[in-house]
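Everything below concerns the one structure shown next.
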Amino acid sequence: DDKMVWFFSRLGYSTPLGFANDEEWKELRMASGKQTLPQNVNSYIPGMNNILQRFTSYLRANRDEKGCVKDIYKLIIKLLVELSAKFVYNKDLGVIDSSSDDKETLAFIQAVQTYLGSILKVGISLPLFKIFPTKLYRDLNVAIKEMHRFSNKIAEELLARRPSSDGAVGLLEQWLVEGKLSKDRAIVLSIDVFTTGVDTTANTATFMLHAIATNPEVQERLHAEISSVLGDSRLPTAEDLAAMPYVKGTVKE
């Protein structure tokens with residue numbers, strides 16, 4: 001969207017992948033492609049499993065007398081913020097149960113929420129912000145700068161130490177180590193992956209849960225397939241996910 005390109009250019013930042021066009025998009029996509037291939041993404045499954053265990057424990061502890069959880073979409077947003085932070089920064093933010101009291105982390109989360117809530121407004125509104133600083137411009141300005149500040153701090157910490165040797169490496173660190181992207185480009189791309197991962201996946205997951213809840217025969221078939229592969233308590237691996245075609249088909253549909 002040209003309006004968002006203008007926003008990032010005005011603030012002195014590179015255009016994110018999600019808003020880039022033509023050769024700029026192609027260059028970014030090629031430079032970042034290897035890290036998002038399935039074999040690399042699969043290495044994050046153990047860390048994702050830990051986050052999902054915390055999430056399900058939180059849901060069980062916060063059900064009402066009817067066994068229901070209110071406003072599941074907001075909780076899924078928190079889950080996706082945590083999962084995306086693990087994937088992109090290899091960082092636990094502690095937002096699922098609101099255990100984090102770190103002011104920088106809380107400011108970053110607020111910035112992400114403001115950003116996601118503002119980009120749609122930019123797309124449908126008159127570009128008055130190009131003439132004078134509207135509230136939308138001011139809010140988005142603060143949010144984008146805060147996301148860059150947070151990501152830049154992580155990048156500086158990563159560059160100041162030796163690469164991780166325990167296999168727990170976020171996307172941002174991989175891009176910095178590989179060196180095909182400048183630090184600024186790597187930061188922009190990390191923010192892009194983080195925000196789009198939260199936004200699109202939260203919507204998909206919420207819709208999927210609603211569809212499953214209103215189609216009990218699908219829910220039963222899903223449960224049967226998962227139980228046949230994992231049993232009662234084993235956490236899934238990449239191989240397990242490949243062995244559950246109905247689960248994958250349900251997500252895609």
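All residue names refer to the structure tokens as shown: chains lettered A, B, ... in order, residues numbered from 1 in each chain, ligands numbered from 1 in order.
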Find the residues around range 83-98 of chain A up to 9 Å (only C-alpha atoms counted), leave out those fewer than 4 positions away in its own chain, and share them as a CSV table (one decimal) with C-alpha atoms, in the first residue's frame.
```
chain,number,residue,atom,x,y,z
A,41,VAL,CA,10.6,-23.7,11.0
A,44,TYR,CA,11.0,-24.3,16.7
A,47,GLY,CA,9.8,-24.1,22.1
A,48,MET,CA,6.3,-23.6,20.6
A,51,ILE,CA,4.3,-21.9,25.1
A,52,LEU,CA,1.2,-23.9,24.1
A,54,ARG,CA,1.4,-22.6,29.3
A,55,PHE,CA,-1.5,-21.4,27.2
A,58,TYR,CA,-4.0,-20.7,31.6
A,75,LEU,CA,-6.2,-14.6,24.5
A,76,ILE,CA,-5.3,-16.0,21.1
A,78,LYS,CA,-1.5,-13.0,23.4
A,79,LEU,CA,-0.6,-16.5,22.4
A,102,ASP,CA,9.2,-5.3,32.1
A,105,THR,CA,8.4,-5.5,26.8
A,106,LEU,CA,5.0,-4.0,27.7
A,109,ILE,CA,3.4,-5.2,23.0
A,151,SER,CA,14.0,-4.8,17.8
A,154,ILE,CA,17.8,-7.1,20.5
A,155,ALA,CA,19.9,-6.9,17.4
A,168,ALA,CA,17.7,-21.9,19.9
A,169,VAL,CA,18.2,-19.2,17.3
A,170,GLY,CA,15.5,-16.7,16.3
A,171,LEU,CA,15.0,-15.4,12.7
A,172,LEU,CA,16.6,-12.1,13.5
A,173,GLU,CA,19.8,-13.7,14.7
A,190,SER,CA,11.7,-9.2,11.8
A,191,ILE,CA,9.0,-6.7,12.7
A,193,VAL,CA,7.2,-11.3,10.2
A,194,PHE,CA,6.2,-10.7,13.8
A,195,THR,CA,3.3,-8.4,13.1
A,197,GLY,CA,2.3,-13.6,12.1
A,198,VAL,CA,0.2,-12.2,15.0
```
Quick one: which range 25-105 of chain A residues come within 10 Å of range 229-241 of chain A, and what is the nearest atom pair for each with the distance in Å to one decimal, counting only C-alpha atoms, rows ordered by chain and ascending number, as CSV?
```
residue,atom,partner,partner_atom,distance
A:Pro38,CA,A:Ala238,CA,9.3
A:Gln39,CA,A:Ala238,CA,8.9
A:Val41,CA,A:Ala238,CA,9.4
A:Asn42,CA,A:Ala238,CA,5.9
A:Ser43,CA,A:Ala238,CA,8.3
A:Tyr44,CA,A:Ala238,CA,9.6
A:Ile45,CA,A:Thr237,CA,6.7
A:Pro46,CA,A:Thr237,CA,7.7
A:Asn49,CA,A:Leu235,CA,6.9
A:Asn50,CA,A:Leu235,CA,9.3
A:Gln53,CA,A:Leu235,CA,9.2
```
Check: Just how far from CA of Gly179 in chain A is CA of Glu104 in chain A, in Å to one decimal?
Finding: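 Straight-line distance from CA of Glu104 in chain A to CA of Gly179 in chain A works out to 27.2 Å.
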Next item on the list: Step one, run DSSP on the backbone; step two, keep only residues of range 50-169 of chain A assigned to helix (DSSP H, G or I); then write them as a PyMOL selection string.
Entry: chain A and resi 50-61+72-89+103-124+128-130+135-159
Next item on the list: In Å, rounded to a single decimal, give me how far CA of Leu209 in chain A is from CA of Asp192 in chain A.
Entry: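 Atom-to-atom, CA of Asp192 in chain A to CA of Leu209 in chain A, that is 25.4 Å.
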Note to self: as number ranges by chain, please: the residues near Ile144 in chain A (cut-off 7 Å, only C-alpha atoms, same-chain neighbours under 4 positions excluded).
What the structure shows: A: 115, 140, 148
Next item on the list: Identify, on the basis of only C-alpha atoms, every residue whose closest approach to Ser9 in chain A does not exceed 12 Å; exclude the query and any residue fewer than 6 positions from it along the same chain; express the result as a list in words.
Entry: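 That gives Asp2, Lys3, Thr15, Pro16, Phe19, Ala20, Lys130, Asn141 and Ile144 of chain A.
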Next item on the list: May I have the residues within 12 Å of Val247 in chain A as a VMD selection string, using only C-alpha atoms and disregarding those fewer than 2 positions away in the same chain?
Entry: chain A and resid 208 212 218 to 227 229 240 to 245 249 to 253
Check: Can you list, as a list in words, every protein, DNA or RNA residue that comes within 7 Å of range 110-114 of chain A when you count only C-alpha atoms, leaving out same-chain residues fewer than 2 positions away?
Finding: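 Counting only C-alpha atoms, the residues come to Leu106, Ala107, Phe108, Leu116, Gly117, Ser118, Leu140, Ala143, Glu146, Met147 and Thr195 of chain A.
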